[in-house]
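Trainee: Below is the file entry-v1.cif, which contains mmCIF, C-alpha atoms and all ligand atoms.
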data_model
#
loop_
_atom_site.label_atom_id
_atom_site.label_comp_id
_atom_site.auth_asym_id
_atom_site.auth_seq_id
_atom_site.Cartn_x
_atom_site.Cartn_y
_atom_site.Cartn_z
CA MET A 1 -23.94 -5.15 36.01
CA ALA A 2 -25.40 -6.68 39.18
CA ARG A 3 -27.10 -3.36 39.94
CA TYR A 4 -29.01 -3.45 36.63
CA LEU A 5 -29.95 -7.10 36.97
CA SER A 6 -31.21 -6.85 40.49
CA THR A 7 -34.12 -4.49 39.78
CA PRO A 8 -36.26 -6.80 37.59
CA LEU A 9 -35.51 -9.71 39.89
CA ILE A 10 -36.79 -7.77 42.89
CA ILE A 11 -39.93 -6.71 41.01
CA LEU A 12 -40.57 -10.28 39.91
CA GLY A 13 -40.14 -11.37 43.53
CA ILE A 14 -42.70 -8.85 44.77
CA PHE A 15 -45.27 -9.95 42.15
CA THR A 16 -44.72 -13.58 43.10
CA LEU A 17 -45.08 -12.91 46.78
CA ALA A 18 -48.25 -10.92 46.21
CA GLY A 19 -49.76 -13.83 44.34
CA CYS A 20 -49.98 -11.95 41.05
CA ALA A 21 -47.01 -13.25 39.13
CA PRO A 22 -46.77 -12.06 35.55
CA PRO A 23 -47.80 -14.62 32.94
CA PRO A 24 -45.04 -17.12 32.23
CA ILE A 25 -42.79 -16.15 29.41
CA GLU A 26 -42.98 -18.84 26.80
CA VAL A 27 -39.46 -18.85 25.54
CA GLY A 28 -39.25 -19.42 21.84
CA GLN A 29 -42.88 -18.58 21.09
CA ALA A 30 -42.89 -14.81 20.98
CA ASP A 31 -40.03 -14.88 18.50
CA PRO A 32 -39.14 -18.09 16.70
CA ARG A 33 -35.44 -17.20 16.79
CA SER A 34 -33.25 -18.14 19.73
CA THR A 35 -31.89 -15.43 22.00
CA SER A 36 -28.38 -16.03 20.69
CA SER A 37 -29.44 -15.49 17.08
CA LEU A 38 -31.19 -12.26 18.11
CA VAL A 39 -27.97 -11.11 19.75
CA GLN A 40 -26.08 -12.08 16.62
CA ASP A 41 -28.51 -10.13 14.43
CA THR A 42 -28.04 -7.08 16.62
CA ASP A 43 -24.27 -7.48 16.44
CA THR A 44 -24.40 -7.83 12.66
CA GLN A 45 -26.54 -4.72 12.34
CA ALA A 46 -24.21 -2.75 14.60
CA THR A 47 -21.21 -3.94 12.62
CA GLU A 48 -22.84 -2.97 9.33
CA ILE A 49 -23.63 0.50 10.69
CA TYR A 50 -20.03 0.81 11.90
CA PHE A 51 -18.66 -0.14 8.46
CA GLU A 52 -21.07 2.15 6.66
CA THR A 53 -20.09 5.11 8.83
CA ALA A 54 -16.40 4.30 8.45
CA ARG A 55 -16.83 4.05 4.66
CA GLN A 56 -18.52 7.45 4.50
CA ASN A 57 -15.71 8.95 6.62
CA MET A 58 -13.20 7.40 4.21
CA ILE A 59 -14.94 9.12 1.30
CA ASP A 60 -15.11 12.49 3.06
CA PHE A 61 -11.72 12.64 4.78
CA ALA A 62 -9.42 10.40 2.73
CA ILE A 63 -10.73 10.83 -0.79
CA LYS A 64 -12.83 13.98 -1.30
CA ALA A 65 -10.62 15.99 1.03
CA TYR A 66 -7.61 15.17 -1.16
CA GLY A 67 -9.22 16.42 -4.34
CA ILE A 68 -11.06 13.48 -5.92
CA GLU A 69 -14.16 14.98 -7.51
CA ASP A 70 -15.47 12.33 -9.91
CA GLN A 71 -18.99 11.70 -8.61
CA ALA A 72 -19.23 8.19 -10.05
CA VAL A 73 -15.97 7.17 -8.38
CA LEU A 74 -17.04 8.66 -5.03
CA GLU A 75 -20.38 6.94 -5.31
CA VAL A 76 -19.05 3.43 -6.04
CA MET A 77 -16.32 3.69 -3.43
CA GLY A 78 -19.04 4.62 -0.95
CA ARG A 79 -20.85 1.42 -1.90
CA VAL A 80 -18.25 -1.34 -2.28
CA PRO A 81 -17.63 -3.11 1.06
CA ARG A 82 -13.83 -2.86 1.35
CA HIS A 83 -14.00 -4.84 4.62
CA GLU A 84 -14.97 -7.90 2.57
CA PHE A 85 -11.65 -7.69 0.70
CA VAL A 86 -9.31 -7.71 3.70
CA GLN A 87 -8.30 -10.44 6.12
CA GLN A 88 -10.36 -10.95 9.27
CA GLU A 89 -7.73 -9.41 11.56
CA HIS A 90 -7.62 -6.21 9.47
CA LYS A 91 -11.36 -5.65 9.08
CA SER A 92 -11.48 -2.93 11.74
CA MET A 93 -8.89 -0.99 9.66
CA ALA A 94 -10.62 -1.59 6.34
CA TYR A 95 -11.68 2.04 5.86
CA ALA A 96 -8.52 3.71 7.09
CA ASN A 97 -6.50 5.36 4.34
CA HIS A 98 -3.85 2.64 4.32
CA ALA A 99 -2.74 -0.25 2.22
CA LEU A 100 -3.33 -3.51 4.12
CA PRO A 101 -1.73 -6.96 3.82
CA ILE A 102 -3.70 -9.56 1.87
CA GLY A 103 -1.19 -12.40 2.21
CA TYR A 104 1.66 -13.67 0.02
CA GLY A 105 3.57 -10.43 0.59
CA GLN A 106 0.92 -8.39 -1.28
CA THR A 107 -1.37 -5.55 -0.26
CA ILE A 108 -4.73 -4.05 -1.10
CA SER A 109 -3.96 -0.47 -2.20
CA GLN A 110 -4.70 2.61 -0.15
CA PRO A 111 -8.27 3.89 -0.84
CA PHE A 112 -7.06 7.30 -2.04
CA ILE A 113 -4.78 5.67 -4.62
CA VAL A 114 -7.63 3.43 -5.83
CA ALA A 115 -9.82 6.53 -6.21
CA LEU A 116 -7.11 8.52 -7.99
CA MET A 117 -6.22 5.76 -10.46
CA THR A 118 -9.89 5.04 -11.18
CA GLN A 119 -10.66 8.72 -11.73
CA GLU A 120 -7.73 9.05 -14.14
CA LEU A 121 -9.10 6.20 -16.29
CA ASP A 122 -12.10 8.46 -17.03
CA LEU A 123 -14.37 5.48 -17.72
CA SER A 124 -17.74 5.27 -19.40
CA PRO A 125 -20.12 2.32 -18.94
CA GLY A 126 -19.65 -0.44 -21.48
CA GLU A 127 -15.92 0.15 -21.96
CA LYS A 128 -13.42 -2.67 -21.74
CA VAL A 129 -10.85 -2.46 -18.95
CA LEU A 130 -7.79 -4.57 -18.20
CA GLU A 131 -6.35 -4.70 -14.69
CA ILE A 132 -2.94 -6.20 -14.02
CA GLY A 133 -2.65 -7.27 -10.36
CA THR A 134 -6.03 -8.54 -9.12
CA GLY A 135 -4.81 -8.94 -5.53
CA SER A 136 -7.91 -8.97 -3.33
CA GLY A 137 -10.26 -8.10 -6.21
CA TYR A 138 -11.24 -4.73 -4.65
CA GLN A 139 -10.11 -2.56 -7.55
CA ALA A 140 -11.80 -4.96 -9.98
CA ALA A 141 -15.06 -4.64 -8.02
CA ILE A 142 -14.82 -0.82 -8.12
CA LEU A 143 -14.37 -0.99 -11.90
CA ALA A 144 -17.29 -3.42 -12.30
CA GLU A 145 -19.54 -1.10 -10.28
CA LEU A 146 -18.76 1.63 -12.83
CA GLY A 147 -20.42 -0.51 -15.48
CA VAL A 148 -17.34 -1.46 -17.49
CA ASP A 149 -16.31 -4.94 -18.63
CA VAL A 150 -13.45 -6.01 -16.38
CA PHE A 151 -10.61 -8.37 -17.29
CA THR A 152 -8.12 -8.86 -14.47
CA VAL A 153 -4.88 -10.85 -14.27
CA GLU A 154 -3.15 -12.06 -11.10
CA ILE A 155 0.20 -13.85 -11.10
CA ILE A 156 -0.03 -15.53 -7.66
CA SER A 157 -2.32 -18.52 -8.07
CA GLU A 158 -3.51 -18.56 -4.44
CA LEU A 159 -4.55 -14.90 -4.63
CA ALA A 160 -6.24 -15.45 -7.98
CA GLN A 161 -8.21 -18.33 -6.46
CA GLU A 162 -9.19 -16.37 -3.35
CA ALA A 163 -10.19 -13.29 -5.35
CA SER A 164 -12.24 -15.41 -7.72
CA GLU A 165 -14.17 -16.97 -4.83
CA ARG A 166 -14.63 -13.63 -3.09
CA LEU A 167 -15.89 -11.88 -6.22
CA ARG A 168 -18.34 -14.70 -6.89
CA ARG A 169 -19.61 -14.60 -3.30
CA LEU A 170 -20.13 -10.83 -3.55
CA ASP A 171 -21.97 -11.30 -6.84
CA TYR A 172 -19.38 -9.76 -9.16
CA THR A 173 -19.94 -12.60 -11.57
CA GLU A 174 -19.20 -10.62 -14.75
CA ILE A 175 -15.55 -9.96 -13.88
CA GLN A 176 -13.18 -12.16 -15.87
CA LEU A 177 -10.12 -13.23 -13.93
CA ARG A 178 -7.04 -15.07 -15.11
CA ASN A 179 -4.05 -16.49 -13.22
CA ASP A 180 -1.12 -15.47 -15.39
CA ASP A 181 1.81 -13.11 -15.80
CA GLY A 182 0.14 -9.83 -16.74
CA TYR A 183 3.28 -8.64 -18.53
CA TYR A 184 1.70 -9.94 -21.72
CA GLY A 185 -1.73 -8.45 -21.06
CA TRP A 186 -4.74 -10.40 -22.36
CA SER A 187 -4.17 -10.61 -26.11
CA ASP A 188 -7.38 -12.33 -27.20
CA GLN A 189 -9.48 -9.62 -25.49
CA ALA A 190 -7.42 -6.62 -26.67
CA PRO A 191 -7.73 -3.76 -27.40
CA PHE A 192 -8.78 -2.20 -24.10
CA ASP A 193 -10.23 1.26 -23.57
CA ALA A 194 -8.34 1.43 -20.30
CA ILE A 195 -5.54 -0.48 -18.56
CA ILE A 196 -4.72 -0.18 -14.88
CA VAL A 197 -1.57 -1.72 -13.45
CA THR A 198 -1.55 -2.09 -9.66
CA ALA A 199 1.99 -3.43 -9.16
CA ALA A 200 5.13 -1.50 -10.14
CA PRO A 201 7.38 -2.66 -12.98
CA ASP A 202 10.67 -0.86 -13.68
CA HIS A 203 9.54 -0.08 -17.24
CA VAL A 204 6.24 0.10 -19.11
CA PRO A 205 5.55 -3.31 -20.72
CA GLN A 206 5.37 -2.68 -24.47
CA THR A 207 2.66 -5.33 -24.93
CA LEU A 208 0.34 -3.36 -22.67
CA VAL A 209 0.85 -0.20 -24.73
CA GLU A 210 0.05 -2.23 -27.86
CA GLN A 211 -3.13 -3.60 -26.25
CA LEU A 212 -4.40 -0.11 -25.48
CA ALA A 213 -7.13 1.05 -27.88
CA LYS A 214 -6.84 4.31 -29.81
CA GLY A 215 -8.26 7.00 -27.54
CA GLY A 216 -7.44 4.76 -24.56
CA VAL A 217 -5.69 5.47 -21.27
CA MET A 218 -3.36 3.45 -19.05
CA VAL A 219 -2.44 4.23 -15.44
CA ILE A 220 0.73 2.54 -14.23
CA PRO A 221 3.31 3.01 -11.46
CA VAL A 222 6.87 2.69 -12.78
CA GLY A 223 10.08 2.68 -10.81
CA PRO A 224 12.55 0.83 -8.65
CA ILE A 225 11.57 -2.03 -6.37
CA GLY A 226 11.52 -0.84 -2.79
CA GLY A 227 11.77 2.83 -3.73
CA ILE A 228 9.37 5.55 -4.71
CA GLN A 229 7.83 5.01 -8.11
CA GLU A 230 6.15 7.48 -10.40
CA LEU A 231 2.49 7.04 -11.27
CA TRP A 232 2.04 7.66 -15.01
CA ARG A 233 -1.01 8.29 -17.12
CA ILE A 234 -0.37 7.17 -20.67
CA ASN A 235 -2.79 8.31 -23.36
CA LYS A 236 -3.02 6.89 -26.86
CA ASP A 237 -4.73 9.34 -29.20
CA GLU A 238 -6.91 8.54 -32.19
CA ASP A 239 -3.84 8.39 -34.45
CA GLY A 240 -2.09 6.00 -32.09
CA ALA A 241 0.35 8.64 -30.77
CA ILE A 242 1.40 8.26 -27.13
CA SER A 243 1.60 11.02 -24.54
CA THR A 244 2.42 10.68 -20.85
CA SER A 245 1.88 12.71 -17.73
CA SER A 246 3.01 12.14 -14.18
CA LEU A 247 0.47 11.85 -11.38
CA GLY A 248 3.11 11.92 -8.63
CA GLY A 249 5.16 9.64 -6.41
CA VAL A 250 3.73 6.36 -5.07
CA ARG A 251 4.85 3.12 -3.42
CA PHE A 252 3.50 -0.11 -4.87
CA VAL A 253 4.39 -3.77 -4.46
CA PRO A 254 6.72 -4.99 -7.22
CA PHE A 255 5.52 -6.23 -10.57
CA THR A 256 6.97 -9.75 -10.55
CA ARG A 257 7.57 -12.25 -13.32
CA THR A 258 7.57 -15.44 -11.28
CA GLY A 259 4.49 -15.24 -9.09
CA LYS A 260 6.69 -16.02 -6.11
CA PRO A 261 5.61 -14.10 -3.02
CA THR A 262 7.94 -11.20 -2.32
CA ASP A 263 9.39 -10.17 1.04
CA TYR A 264 8.57 -6.56 0.48
CA ASN A 265 6.26 -5.27 3.09
CA ARG A 266 5.13 -2.19 1.29
CA THR A 267 2.55 0.43 1.89
CA GLU A 268 0.41 0.24 -1.25
N1 LIG B 1 -5.48 -4.24 -7.18
C1 LIG B 1 -5.29 -5.02 -5.98
C2 LIG B 1 -4.01 -4.70 -5.23
C3 LIG B 1 -2.90 -5.28 -5.89
S1 LIG B 1 -1.37 -5.56 -5.11
C4 LIG B 1 -6.46 -4.91 -5.04
O1 LIG B 1 -7.40 -4.15 -5.32
O2 LIG B 1 -6.44 -5.61 -4.02
C5 LIG B 1 -0.53 -5.98 -6.61
C6 LIG B 1 -0.87 -7.34 -7.15
O3 LIG B 1 -0.20 -7.47 -8.39
C7 LIG B 1 -0.40 -8.49 -6.28
O4 LIG B 1 -1.46 -9.33 -5.99
C8 LIG B 1 0.66 -9.16 -7.13
O5 LIG B 1 0.73 -10.55 -6.94
C9 LIG B 1 0.20 -8.81 -8.53
N2 LIG B 1 1.23 -8.90 -9.56
C10 LIG B 1 2.54 -8.59 -9.48
N3 LIG B 1 3.16 -8.83 -10.64
C11 LIG B 1 2.22 -9.29 -11.51
C12 LIG B 1 2.24 -9.73 -12.86
N4 LIG B 1 3.36 -9.78 -13.57
N5 LIG B 1 1.08 -10.13 -13.42
C13 LIG B 1 -0.08 -10.14 -12.71
N6 LIG B 1 -0.16 -9.75 -11.42
C14 LIG B 1 0.98 -9.34 -10.82
#
Before anything else, please render the file you have as structure tokens.

Mentor:
Amino acid sequence: MARYLSTPLIILGIFTLAGCAPPPIEVGQADPRSTSSLVQDTDTQATEIYFETARQNMIDFAIKAYGIEDQAVLEVMGRVPRHEFVQQEHKSMAYANHALPIGYGQTISQPFIVALMTQELDLSPGEKVLEIGTGSGYQAAILAELGVDVFTVEIISELAQEASERLRRLDYTEIQLRNDDGYYGWSDQAPFDAIIVTAAPDHVPQTLVEQLAKGGVMVIPVGPIGGIQELWRINKDEDGAISTSSLGGVRFVPFTRTGKPTDYNRTE
């Protein structure tokens, strides 16, 4: 460092000795901002570029590479700032293909799983979507960016509060969020064109099936707490008949009925 600093000092010294010192630098006049705010601006820009690059890598190597092809999903996931939905100490990992802790024993899901579940909902703008398990609000923001009307329910009041503030700060003001047990859905807004459940119950809540519109689709992980669950797509046809198909094995935090934080330190 000293090597780099010494050169301008020597040059300044020579000018001064020769009686032709450069004009005094009027600090604060050339740029009204202080040096520290300029440094901060540069840092902020660098950080934004870092996050943008990391987000694009996430799309290419964690989502597209694993077979997600829905252009709208790829586009919104390339836009929504996932780093705003994780805790400060995890921001540098925000675009890695991992679930990350969000407090209260819960996690923000792995980006690939968010992409897969969103793609399977096969949404069109203007549709009505119910999410059970708001968590950080990231999945809700992805849905809102797709132009659907989002209703999301979170059972842990602290998380519901934090997500509500975060979504407002990020300008997702249209999302409707409720602190409640999502087992009963959101009856006065039903039916929904799509329902996405982001915590794993050990059975499919019947109320949610009832709140699914004809022609609608639900994506839900079902299985034992602490084990591998199966991710199901449940379709209700125009006659109200139900069909299911498996999307594979997953690991989600448990679907709880009490809102009490769980001890499970899970990966999705
Ligand atoms: N979709 C979230 C990740 C959710 S983690 C995101 O994008 O960040 C699962 C969430 O489901 C947790 O916040 C958990 O508290 C919540 N949850 C569990 N059981 C629930 C229930 N019965 N009703 C509503 N939310 C529930």

Trainee: At a cut-off of 6 Å and counting only C-alpha atoms and all ligand atoms, what residues surround ligand LIG 1 (chain B)? Please answer as a VMD selection string.

Mentor: chain A and resid 106 to 109 132 to 139 153 to 156 181 to 183 198 to 199 253 to 257

Trainee: Could you write out the selected residues, including C-alpha atoms, as a CSV table (one decimal), in the coordinates of the input?

Mentor:
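Generated output (result36.csv):
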chain,number,residue,atom,x,y,z
A,106,GLN,CA,0.9,-8.4,-1.3
A,107,THR,CA,-1.4,-5.6,-0.3
A,108,ILE,CA,-4.7,-4.0,-1.1
A,109,SER,CA,-4.0,-0.5,-2.2
A,132,ILE,CA,-2.9,-6.2,-14.0
A,133,GLY,CA,-2.6,-7.3,-10.4
A,134,THR,CA,-6.0,-8.5,-9.1
A,135,GLY,CA,-4.8,-8.9,-5.5
A,136,SER,CA,-7.9,-9.0,-3.3
A,137,GLY,CA,-10.3,-8.1,-6.2
A,138,TYR,CA,-11.2,-4.7,-4.6
A,139,GLN,CA,-10.1,-2.6,-7.6
A,153,VAL,CA,-4.9,-10.8,-14.3
A,154,GLU,CA,-3.2,-12.1,-11.1
A,155,ILE,CA,0.2,-13.8,-11.1
A,156,ILE,CA,0.0,-15.5,-7.7
A,181,ASP,CA,1.8,-13.1,-15.8
A,182,GLY,CA,0.1,-9.8,-16.7
A,183,TYR,CA,3.3,-8.6,-18.5
A,198,THR,CA,-1.6,-2.1,-9.7
A,199,ALA,CA,2.0,-3.4,-9.2
A,253,VAL,CA,4.4,-3.8,-4.5
A,254,PRO,CA,6.7,-5.0,-7.2
A,255,PHE,CA,5.5,-6.2,-10.6
A,256,THR,CA,7.0,-9.8,-10.6
A,257,ARG,CA,7.6,-12.2,-13.3

Trainee: Hey, what's within 9 Å of Gly226 in chain A if we count all atoms listed in the file and toss same-chain stuff fewer than 2 positions away? As a list in words, please?

Mentor: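 Selected residues are Gly223, Pro224, Ile228, Gln229, Arg251, Phe252, Val253, Pro254, Tyr264 and Arg266 of chain A.
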
Trainee: Which of these residues is nearest to Ala99 in chain A, using all atoms listed in the file: A:Glu69, A:Thr173, A:Val250, A:Gly215?

Mentor: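 That would be A:Val250, the residue with the smallest distance to Ala99 in chain A.
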
Trainee: Which residues, protein or nucleic acid, reach to within 12 Å of (-8.0, -4.7, 8.0) in the file's coordinates when using only C-alpha atoms, and can you give that as a list in words?

Mentor: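 Residues lying no farther than 12 Å from the given point: Phe51, Pro81, Arg82, His83, Glu84, Phe85, Val86, Gln87, Gln88, Glu89, His90, Lys91, Ser92, Met93, Ala94, Tyr95, Ala96, Asn97, His98, Ala99, Leu100, Pro101, Ile102, Gly103, Thr107, Ile108, Ser109 and Gln110 of chain A.
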
Trainee: Just the residues within 6 Å of Gly240 in chain A, please, counting all atoms listed in the file, with nothing from its chain fewer than 3 positions along; format it as a count of residues only.

Mentor: 3

Trainee: Could you give me, as a PDB file with C-alpha atoms, keeping the file's coordinate frame, the residues within 12 Å of Gly78 in chain A, counting only C-alpha atoms and dropping anything in the same chain fewer than 4 positions from it?

Mentor:
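Output file around_8.pdb follows:
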ATOM      1  CA  PHE A  51     -18.660  -0.140   8.460  1.00  0.00           C
ATOM      2  CA  GLU A  52     -21.070   2.150   6.660  1.00  0.00           C
ATOM      3  CA  THR A  53     -20.090   5.110   8.830  1.00  0.00           C
ATOM      4  CA  ALA A  54     -16.400   4.300   8.450  1.00  0.00           C
ATOM      5  CA  ARG A  55     -16.830   4.050   4.660  1.00  0.00           C
ATOM      6  CA  GLN A  56     -18.520   7.450   4.500  1.00  0.00           C
ATOM      7  CA  ASN A  57     -15.710   8.950   6.620  1.00  0.00           C
ATOM      8  CA  MET A  58     -13.200   7.400   4.210  1.00  0.00           C
ATOM      9  CA  ILE A  59     -14.940   9.120   1.300  1.00  0.00           C
ATOM     10  CA  ASP A  60     -15.110  12.490   3.060  1.00  0.00           C
ATOM     11  CA  ALA A  62      -9.420  10.400   2.730  1.00  0.00           C
ATOM     12  CA  ILE A  63     -10.730  10.830  -0.790  1.00  0.00           C
ATOM     13  CA  LYS A  64     -12.830  13.980  -1.300  1.00  0.00           C
ATOM     14  CA  GLN A  71     -18.990  11.700  -8.610  1.00  0.00           C
ATOM     15  CA  ALA A  72     -19.230   8.190 -10.050  1.00  0.00           C
ATOM     16  CA  VAL A  73     -15.970   7.170  -8.380  1.00  0.00           C
ATOM     17  CA  LEU A  74     -17.040   8.660  -5.030  1.00  0.00           C
ATOM     18  CA  ARG A  82     -13.830  -2.860   1.350  1.00  0.00           C
ATOM     19  CA  TYR A  95     -11.680   2.040   5.860  1.00  0.00           C
ATOM     20  CA  PRO A 111      -8.270   3.890  -0.840  1.00  0.00           C
ATOM     21  CA  ALA A 115      -9.820   6.530  -6.210  1.00  0.00           C
ATOM     22  CA  ILE A 142     -14.820  -0.820  -8.120  1.00  0.00           C
ATOM     23  CA  GLU A 145     -19.540  -1.100 -10.280  1.00  0.00           C
TER      24      GLU A 145
END
